[in-house]
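What follows is final-v2.pdb (PDB, C-alpha atoms).
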ATOM      1  CA  MET A 894       2.341  61.782  52.384
ATOM      2  CA  GLU A 895      -0.016  58.880  51.778
ATOM      3  CA  ILE A 896       1.308  55.404  51.109
ATOM      4  CA  LEU A 897      -0.045  52.984  48.522
ATOM      5  CA  ASP A 898       1.173  49.452  49.102
ATOM      6  CA  ILE A 899       0.928  47.328  45.964
ATOM      7  CA  THR A 900       3.538  44.753  46.977
ATOM      8  CA  LYS A 901       0.881  42.019  47.031
ATOM      9  CA  GLU A 902      -0.658  42.964  43.689
ATOM     10  CA  HIS A 903       0.006  41.514  40.266
ATOM     11  CA  CYS A 904      -0.398  42.764  36.693
ATOM     12  CA  PRO A 905      -2.544  44.662  35.788
ATOM     13  CA  MET A 906      -3.677  45.705  39.290
ATOM     14  CA  THR A 907      -0.246  47.200  40.096
ATOM     15  CA  PHE A 908      -0.670  50.066  37.667
ATOM     16  CA  VAL A 909      -4.506  49.965  37.804
ATOM     17  CA  LYS A 910      -4.435  50.746  41.564
ATOM     18  CA  THR A 911      -1.744  53.402  41.057
ATOM     19  CA  LYS A 912      -3.770  55.067  38.306
ATOM     20  CA  LEU A 913      -6.968  54.960  40.385
ATOM     21  CA  ARG A 914      -5.195  56.520  43.371
ATOM     22  CA  LEU A 915      -3.672  59.264  41.184
ATOM     23  CA  SER A 916      -7.055  60.006  39.621
ATOM     24  CA  LYS A 917      -8.398  60.889  43.097
ATOM     25  CA  MET A 918      -5.491  63.216  43.951
ATOM     26  CA  LYS A 919      -5.149  66.948  43.345
ATOM     27  CA  ARG A 920      -2.339  68.536  41.347
ATOM     28  CA  GLY A 921       0.837  68.822  43.400
ATOM     29  CA  GLU A 922      -0.142  66.059  45.856
ATOM     30  CA  ARG A 923       2.274  63.182  46.344
ATOM     31  CA  VAL A 924       1.906  59.488  47.050
ATOM     32  CA  GLU A 925       4.543  56.950  48.026
ATOM     33  CA  VAL A 926       3.990  53.666  46.198
ATOM     34  CA  LEU A 927       5.548  50.549  47.691
ATOM     35  CA  LEU A 928       6.140  47.908  45.048
ATOM     36  CA  LEU A 929       8.198  44.866  44.187
ATOM     37  CA  GLU A 930      11.054  44.765  41.726
ATOM     38  CA  GLY A 931      10.444  43.184  38.329
ATOM     39  CA  GLU A 932       7.212  43.940  36.475
ATOM     40  CA  PRO A 933       5.827  46.545  38.934
ATOM     41  CA  LEU A 934       9.104  48.467  39.231
ATOM     42  CA  ASP A 935       9.606  48.347  35.455
ATOM     43  CA  ASN A 936       6.084  49.422  34.537
ATOM     44  CA  VAL A 937       4.561  51.612  37.243
ATOM     45  CA  PRO A 938       7.058  54.528  37.008
ATOM     46  CA  LYS A 939       6.977  54.278  33.196
ATOM     47  CA  SER A 940       3.169  54.341  32.965
ATOM     48  CA  VAL A 941       2.969  57.211  35.476
ATOM     49  CA  THR A 942       5.433  59.304  33.452
ATOM     50  CA  GLU A 943       3.622  58.481  30.197
ATOM     51  CA  GLN A 944       0.339  59.797  31.556
ATOM     52  CA  GLY A 945       1.949  63.089  32.527
ATOM     53  CA  ASP A 946       2.586  62.689  36.258
ATOM     54  CA  LYS A 947       6.033  63.031  37.830
ATOM     55  CA  VAL A 948       8.231  60.386  39.463
ATOM     56  CA  ILE A 949      10.065  62.312  42.190
ATOM     57  CA  GLY A 950      12.293  59.464  43.327
ATOM     58  CA  ILE A 951      12.802  55.733  43.517
ATOM     59  CA  ALA A 952      14.467  54.111  46.515
ATOM     60  CA  HIS A 953      15.249  50.539  47.473
ATOM     61  CA  LEU A 954      13.791  49.826  50.902
ATOM     62  CA  LYS A 955      14.402  46.166  51.729
ATOM     63  CA  SER A 956      14.639  42.737  50.083
ATOM     64  CA  GLY A 957      13.013  43.447  46.721
ATOM     65  CA  ILE A 958      10.697  46.218  47.918
ATOM     66  CA  HIS A 959      11.048  49.671  46.410
ATOM     67  CA  SER A 960       9.480  53.036  47.124
ATOM     68  CA  VAL A 961       8.378  55.264  44.254
ATOM     69  CA  VAL A 962       7.304  58.793  45.125
ATOM     70  CA  ILE A 963       4.899  60.216  42.555
ATOM     71  CA  GLU A 964       3.598  63.744  42.206
ATOM     72  CA  LYS A 965       0.259  64.341  40.501
ATOM     73  CA  CYS A 966       0.663  66.881  37.686
TER      74      CYS A 966
ATOM     75  CA  MET B 916      -0.286  69.188  17.473
ATOM     76  CA  ALA B 917      -1.028  67.269  20.678
ATOM     77  CA  ASP B 918      -0.307  63.525  20.712
ATOM     78  CA  LYS B 919      -3.389  61.503  19.899
ATOM     79  CA  LYS B 920      -4.492  59.129  22.677
ATOM     80  CA  LYS B 921      -3.600  55.498  21.984
ATOM     81  CA  LYS B 922      -6.586  53.243  21.500
ATOM     82  CA  LEU B 923      -7.415  49.579  22.141
ATOM     83  CA  SER B 924     -10.669  48.043  20.950
ATOM     84  CA  LEU B 925     -11.632  44.544  22.011
ATOM     85  CA  ILE B 926     -14.267  42.434  20.330
ATOM     86  CA  VAL B 927     -15.428  40.255  23.212
ATOM     87  CA  PHE B 928     -17.027  37.301  21.435
ATOM     88  CA  SER B 929     -16.234  34.476  23.842
ATOM     89  CA  GLY B 930     -18.202  34.109  27.019
ATOM     90  CA  ASP B 931     -15.584  31.783  28.504
ATOM     91  CA  PHE B 932     -14.307  32.674  31.956
ATOM     92  CA  ASP B 933     -10.610  32.502  31.044
ATOM     93  CA  LYS B 934     -11.042  34.513  27.847
ATOM     94  CA  LEU B 935     -13.079  37.133  29.703
ATOM     95  CA  VAL B 936     -10.288  37.362  32.287
ATOM     96  CA  ALA B 937      -7.850  37.964  29.409
ATOM     97  CA  ALA B 938     -10.126  40.571  27.816
ATOM     98  CA  PHE B 939     -10.694  42.531  31.030
ATOM     99  CA  THR B 940      -7.011  42.249  32.034
ATOM    100  CA  LEU B 941      -6.086  43.907  28.750
ATOM    101  CA  ALA B 942      -8.905  46.430  29.055
ATOM    102  CA  SER B 943      -8.083  47.543  32.606
ATOM    103  CA  GLY B 944      -4.327  47.470  31.990
ATOM    104  CA  ALA B 945      -4.611  49.539  28.824
ATOM    105  CA  ALA B 946      -6.995  52.015  30.474
ATOM    106  CA  ALA B 947      -4.543  52.356  33.364
ATOM    107  CA  VAL B 948      -1.767  53.389  30.990
ATOM    108  CA  ASN B 949      -4.028  55.983  29.419
ATOM    109  CA  TYR B 950      -5.385  54.165  26.389
ATOM    110  CA  GLU B 951      -8.863  54.831  25.147
ATOM    111  CA  VAL B 952     -10.486  51.404  25.601
ATOM    112  CA  ASN B 953     -13.568  50.157  23.778
ATOM    113  CA  LEU B 954     -15.159  46.778  24.454
ATOM    114  CA  PHE B 955     -17.633  45.505  21.896
ATOM    115  CA  PHE B 956     -19.602  42.584  23.359
ATOM    116  CA  THR B 957     -21.091  40.164  20.887
ATOM    117  CA  PHE B 958     -22.726  36.706  21.091
ATOM    118  CA  TRP B 959     -21.520  34.785  24.191
ATOM    119  CA  GLY B 960     -19.537  37.816  25.301
ATOM    120  CA  LEU B 961     -22.806  39.576  26.102
ATOM    121  CA  ASN B 962     -23.237  37.259  29.110
ATOM    122  CA  ALA B 963     -20.396  39.122  30.847
ATOM    123  CA  VAL B 964     -22.334  42.378  30.928
ATOM    124  CA  LYS B 965     -25.850  41.153  31.650
ATOM    125  CA  LYS B 966     -27.568  42.884  34.555
ATOM    126  CA  ALA B 967     -28.631  39.502  35.952
ATOM    127  CA  LYS B 968     -25.393  37.854  37.126
ATOM    128  CA  GLY B 969     -26.966  34.431  37.580
ATOM    129  CA  ARG B 970     -29.409  32.305  35.561
ATOM    130  CA  ARG B 971     -32.524  34.194  34.611
ATOM    131  CA  PHE B 972     -35.081  33.959  31.814
ATOM    132  CA  THR B 973     -33.937  37.044  29.924
ATOM    133  CA  GLY B 974     -34.899  38.072  26.405
ATOM    134  CA  LYS B 975     -38.007  38.003  24.307
ATOM    135  CA  GLY B 976     -39.498  34.801  22.891
ATOM    136  CA  PHE B 977     -39.541  31.240  24.225
ATOM    137  CA  LEU B 978     -36.255  30.009  22.693
ATOM    138  CA  ALA B 979     -34.395  33.232  23.508
ATOM    139  CA  ARG B 980     -35.531  32.973  27.136
ATOM    140  CA  VAL B 981     -34.423  29.323  27.368
ATOM    141  CA  PHE B 982     -31.040  30.267  25.876
ATOM    142  CA  GLY B 983     -30.839  33.204  28.275
ATOM    143  CA  PHE B 984     -31.465  30.928  31.231
ATOM    144  CA  LEU B 985     -29.020  28.229  30.110
ATOM    145  CA  MET B 986     -26.240  30.714  29.396
ATOM    146  CA  GLY B 987     -26.774  32.708  32.579
ATOM    147  CA  GLY B 988     -24.768  35.793  33.469
ATOM    148  CA  ARG B 989     -21.231  36.505  34.626
ATOM    149  CA  LYS B 990     -21.570  34.083  37.552
ATOM    150  CA  ASN B 991     -22.210  31.196  35.145
ATOM    151  CA  VAL B 992     -19.528  31.732  32.491
ATOM    152  CA  PRO B 993     -17.713  28.429  31.877
ATOM    153  CA  LEU B 994     -13.983  27.740  31.658
ATOM    154  CA  SER B 995     -12.987  27.062  28.025
ATOM    155  CA  ARG B 996     -11.329  23.778  29.066
ATOM    156  CA  MET B 997     -11.940  21.427  31.988
ATOM    157  CA  ASN B 998     -15.108  23.228  33.079
ATOM    158  CA  PHE B 999     -16.253  20.242  35.169
ATOM    159  CA  GLY B1000     -19.921  21.203  35.071
ATOM    160  CA  GLY B1001     -19.271  24.780  36.146
ATOM    161  CA  MET B1002     -17.059  23.937  39.133
ATOM    162  CA  SER B1003     -13.798  25.159  37.595
ATOM    163  CA  PRO B1004     -14.547  28.907  37.382
ATOM    164  CA  ARG B1005     -15.345  28.889  41.100
ATOM    165  CA  LEU B1006     -12.191  26.961  41.910
ATOM    166  CA  MET B1007     -10.179  29.253  39.649
ATOM    167  CA  THR B1008     -11.648  32.363  41.339
ATOM    168  CA  GLY B1009     -10.675  30.880  44.708
ATOM    169  CA  MET B1010      -7.112  30.320  43.467
ATOM    170  CA  MET B1011      -6.974  33.872  42.091
ATOM    171  CA  LYS B1012      -8.061  35.316  45.446
ATOM    172  CA  LYS B1013      -5.612  33.135  47.364
ATOM    173  CA  ARG B1014      -2.754  34.305  45.146
ATOM    174  CA  ASN B1015      -3.789  37.973  45.114
ATOM    175  CA  VAL B1016      -4.560  37.980  41.409
ATOM    176  CA  ALA B1017      -7.517  40.136  40.397
ATOM    177  CA  THR B1018     -10.731  38.148  39.885
ATOM    178  CA  LEU B1019     -13.000  38.560  36.863
ATOM    179  CA  ASN B1020     -15.364  40.825  38.831
ATOM    180  CA  GLU B1021     -12.479  42.968  40.074
ATOM    181  CA  LEU B1022     -11.127  43.329  36.530
ATOM    182  CA  VAL B1023     -14.567  44.340  35.226
ATOM    183  CA  GLU B1024     -14.899  46.899  38.039
ATOM    184  CA  ALA B1025     -11.388  48.257  37.376
ATOM    185  CA  SER B1026     -12.163  48.601  33.654
ATOM    186  CA  ILE B1027     -15.317  50.543  34.513
ATOM    187  CA  ALA B1028     -13.540  52.733  37.080
ATOM    188  CA  LEU B1029     -10.856  53.604  34.539
ATOM    189  CA  GLY B1030     -13.380  54.657  31.928
ATOM    190  CA  ALA B1031     -13.368  51.769  29.444
ATOM    191  CA  LYS B1032     -16.387  52.075  27.165
ATOM    192  CA  PHE B1033     -18.787  49.162  26.789
ATOM    193  CA  TYR B1034     -20.863  48.554  23.649
ATOM    194  CA  ALA B1035     -23.309  45.781  22.782
ATOM    195  CA  CYS B1036     -23.659  44.166  19.364
ATOM    196  CA  GLU B1037     -27.003  44.961  17.807
ATOM    197  CA  MET B1038     -27.274  41.775  15.722
ATOM    198  CA  SER B1039     -26.523  39.406  18.638
ATOM    199  CA  MET B1040     -29.060  41.242  20.765
ATOM    200  CA  VAL B1041     -31.738  40.723  18.125
ATOM    201  CA  ILE B1042     -30.974  36.979  17.909
ATOM    202  CA  LEU B1043     -31.027  36.556  21.686
ATOM    203  CA  GLY B1044     -34.040  38.822  22.131
ATOM    204  CA  LEU B1045     -32.124  41.155  24.457
ATOM    205  CA  THR B1046     -32.572  44.894  24.966
ATOM    206  CA  LEU B1047     -30.216  47.523  26.387
ATOM    207  CA  ASP B1048     -32.150  47.237  29.647
ATOM    208  CA  ASP B1049     -30.885  43.652  30.079
ATOM    209  CA  PHE B1050     -27.311  44.937  30.519
ATOM    210  CA  ILE B1051     -25.414  46.746  33.255
ATOM    211  CA  PRO B1052     -25.725  50.538  32.982
ATOM    212  CA  GLU B1053     -22.124  50.873  31.754
ATOM    213  CA  VAL B1054     -23.256  49.414  28.424
ATOM    214  CA  LYS B1055     -24.296  52.750  27.047
ATOM    215  CA  GLU B1056     -24.791  52.049  23.383
ATOM    216  CA  VAL B1057     -25.860  49.369  20.924
ATOM    217  CA  LEU B1058     -23.650  49.249  17.847
ATOM    218  CA  GLY B1059     -23.492  47.683  14.420
ATOM    219  CA  VAL B1060     -20.293  46.840  12.531
ATOM    220  CA  ALA B1061     -20.016  50.180  10.733
ATOM    221  CA  LYS B1062     -20.140  52.197  13.956
ATOM    222  CA  PHE B1063     -17.689  49.836  15.685
ATOM    223  CA  LEU B1064     -15.217  50.215  12.800
ATOM    224  CA  GLU B1065     -15.549  53.971  13.096
ATOM    225  CA  ILE B1066     -14.910  53.875  16.846
ATOM    226  CA  SER B1067     -11.955  51.507  16.585
ATOM    227  CA  GLN B1068     -10.319  53.321  13.672
ATOM    228  CA  ASP B1069      -6.623  54.235  14.079
ATOM    229  CA  GLY B1070      -6.128  51.940  17.078
ATOM    230  CA  GLU B1071      -5.354  48.328  17.916
ATOM    231  CA  THR B1072      -8.228  45.840  17.632
ATOM    232  CA  LEU B1073      -8.288  42.380  19.194
ATOM    233  CA  PHE B1074     -10.834  39.592  18.864
ATOM    234  CA  ILE B1075     -11.221  37.483  21.997
TER     235      ILE B1075
END

Translate this structure into structure tokens?
Amino acid sequence: MEILDITKEHCPMTFVKTKLRLSKMKRGERVEVLLLEGEPLDNVPKSVTEQGDKVIGIAHLKSGIHSVVIEKC
Amino acid sequence: MADKKKKLSLIVFSGDFDKLVAAFTLASGAAAVNYEVNLFFTFWGLNAVKKAKGRRFTGKGFLARVFGFLMGGRKNVPLSRMNFGGMSPRLMTGMMKKRNVATLNELVEASIALGAKFYACEMSMVILGLTLDDFIPEVKEVLGVAKFLEISQDGETLFI
């Protein structure tokens, strides 16, 4: 599974980069997005779900960094 | 019935660096969360989408060409406050890069990549002697008020 690290990004590039990555993926493919808590963790999973893709799981990795696994639908 | 796509239309009037950053932040952010995004560039806002990024004698007629040169393109847009003779946008871009915040060019590129639609104001183009050929290819259409109202109908509209 590919990894998209957006821990250094800020609004709106957090969900812009996620959307751009998803737009290049095929249905059923998954990507693991590494992001920070706060705005990215609040908004990325929400925006992904709203546009019809699936959040498979969210896990806390280390000091403020989370992993969100997304499946392209 | 399927849900209608949400829509954001921005009237980009200001050609100020900071206001353009705000406009393209909203445009790219909204496009990323699946909004239909329309940007209507008018007056100074047209400088953001000129093909020539720097100062160039664009337009038809002596005065229009002088204006075109003085205004320049996206590289020359001034900060709305404390412009310091054009130094501030460069300093601000440097600070944005240092702090990993998307620059104006990156926001414009993201808006394009996410399918935001760019339109140019017909009346402003006539005043400034500009043609569609003076703009980046993403500006696909020249609009008047009536057509813009039609496009922006049933969505949110912001004037920046």

Self-check item: Option closest in space to Ser916 in chain A, from B:Val1054, B:Met1010, B:Val1023, B:Ala947 [counting all atoms listed in the file]
Solution: B:Ala947

Practice problem: Can you check which residues of chain A have any atom within 8 Å of chain B? Use all atoms listed in the file and format it as a list in words. | Solution: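 Those within range of chain B come out as Lys901, Glu902, His903, Cys904, Pro905, Met906, Phe908, Val909, Lys912, Leu913, Ser940, Val941, Glu943 and Gln944 of chain A.
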
Quiz item: What does the PyMOL selection byres ((chain A and resi 946) around 8) select in this file, as a list in words?
Solution: Val941, Thr942, Glu943, Gln944, Gly945, Lys947, Val948, Ile963, Glu964, Lys965 and Cys966 of chain A

Okay, now the selection with C-alpha atoms, as a tab-separated table (two decimals), keeping the file's coordinate frame?
chain	number	residue	atom	x	y	z
A	941	VAL	CA	2.97	57.21	35.48
A	942	THR	CA	5.43	59.30	33.45
A	943	GLU	CA	3.62	58.48	30.20
A	944	GLN	CA	0.34	59.80	31.56
A	945	GLY	CA	1.95	63.09	32.53
A	947	LYS	CA	6.03	63.03	37.83
A	948	VAL	CA	8.23	60.39	39.46
A	963	ILE	CA	4.90	60.22	42.56
A	964	GLU	CA	3.60	63.74	42.21
A	965	LYS	CA	0.26	64.34	40.50
A	966	CYS	CA	0.66	66.88	37.69

Practice problem: Please evaluate the PyMOL selection byres ((chain A and resi 921-929) around 7) against the displayed coordinates and give the resulting residues as number ranges by chain. | Solution: A: 894-900, 918-920, 930-931, 933-934, 957-966

Quiz item: Which one of B:Lys1012, B:Lys966, B:Phe928, B:Ala937 sits closest to Thr1046 in chain B if you count only C-alpha atoms?
Solution: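 Looking only at the distances to Thr1046 in chain B, the closest residue turns out to be B:Lys966.
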
Residues near Gly960 in chain B, cut-off 6 Å, all atoms listed in the file, skip fewer than 5 positions along chain, as an mmCIF file with C-alpha atoms, in the frame of the given file:
data_model
loop_
_atom_site.group_PDB
_atom_site.id
_atom_site.type_symbol
_atom_site.label_atom_id
_atom_site.label_comp_id
_atom_site.auth_asym_id
_atom_site.auth_seq_id
_atom_site.Cartn_x
_atom_site.Cartn_y
_atom_site.Cartn_z
ATOM 1 C CA VAL B 927 -15.428 40.255 23.212
ATOM 2 C CA PHE B 928 -17.027 37.301 21.435
ATOM 3 C CA SER B 929 -16.234 34.476 23.842
ATOM 4 C CA GLY B 930 -18.202 34.109 27.019
#

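With all atoms listed in the file as the basis for measurement, B:Phe932 is the residue among B:Phe932, B:Phe1050, B:Phe1063, B:Phe1074 that approaches Asn991 in chain B most closely.
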
Practice problem: Using CA of Phe982 in chain B and CA of Phe955 in chain B as the two end points, give the distance in Å to one decimal. | Solution: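 Between CA of Phe982 in chain B and CA of Phe955 in chain B the gap is 20.7 Å.
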
Self-check item: Two-atom distance - CA of Arg989 in chain B, CA of Leu1045 in chain B (Å)
Solution: 15.6 Å

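Between CA of Gly987 in chain B and CA of Asp1049 in chain B there is a distance of 12.0 Å.
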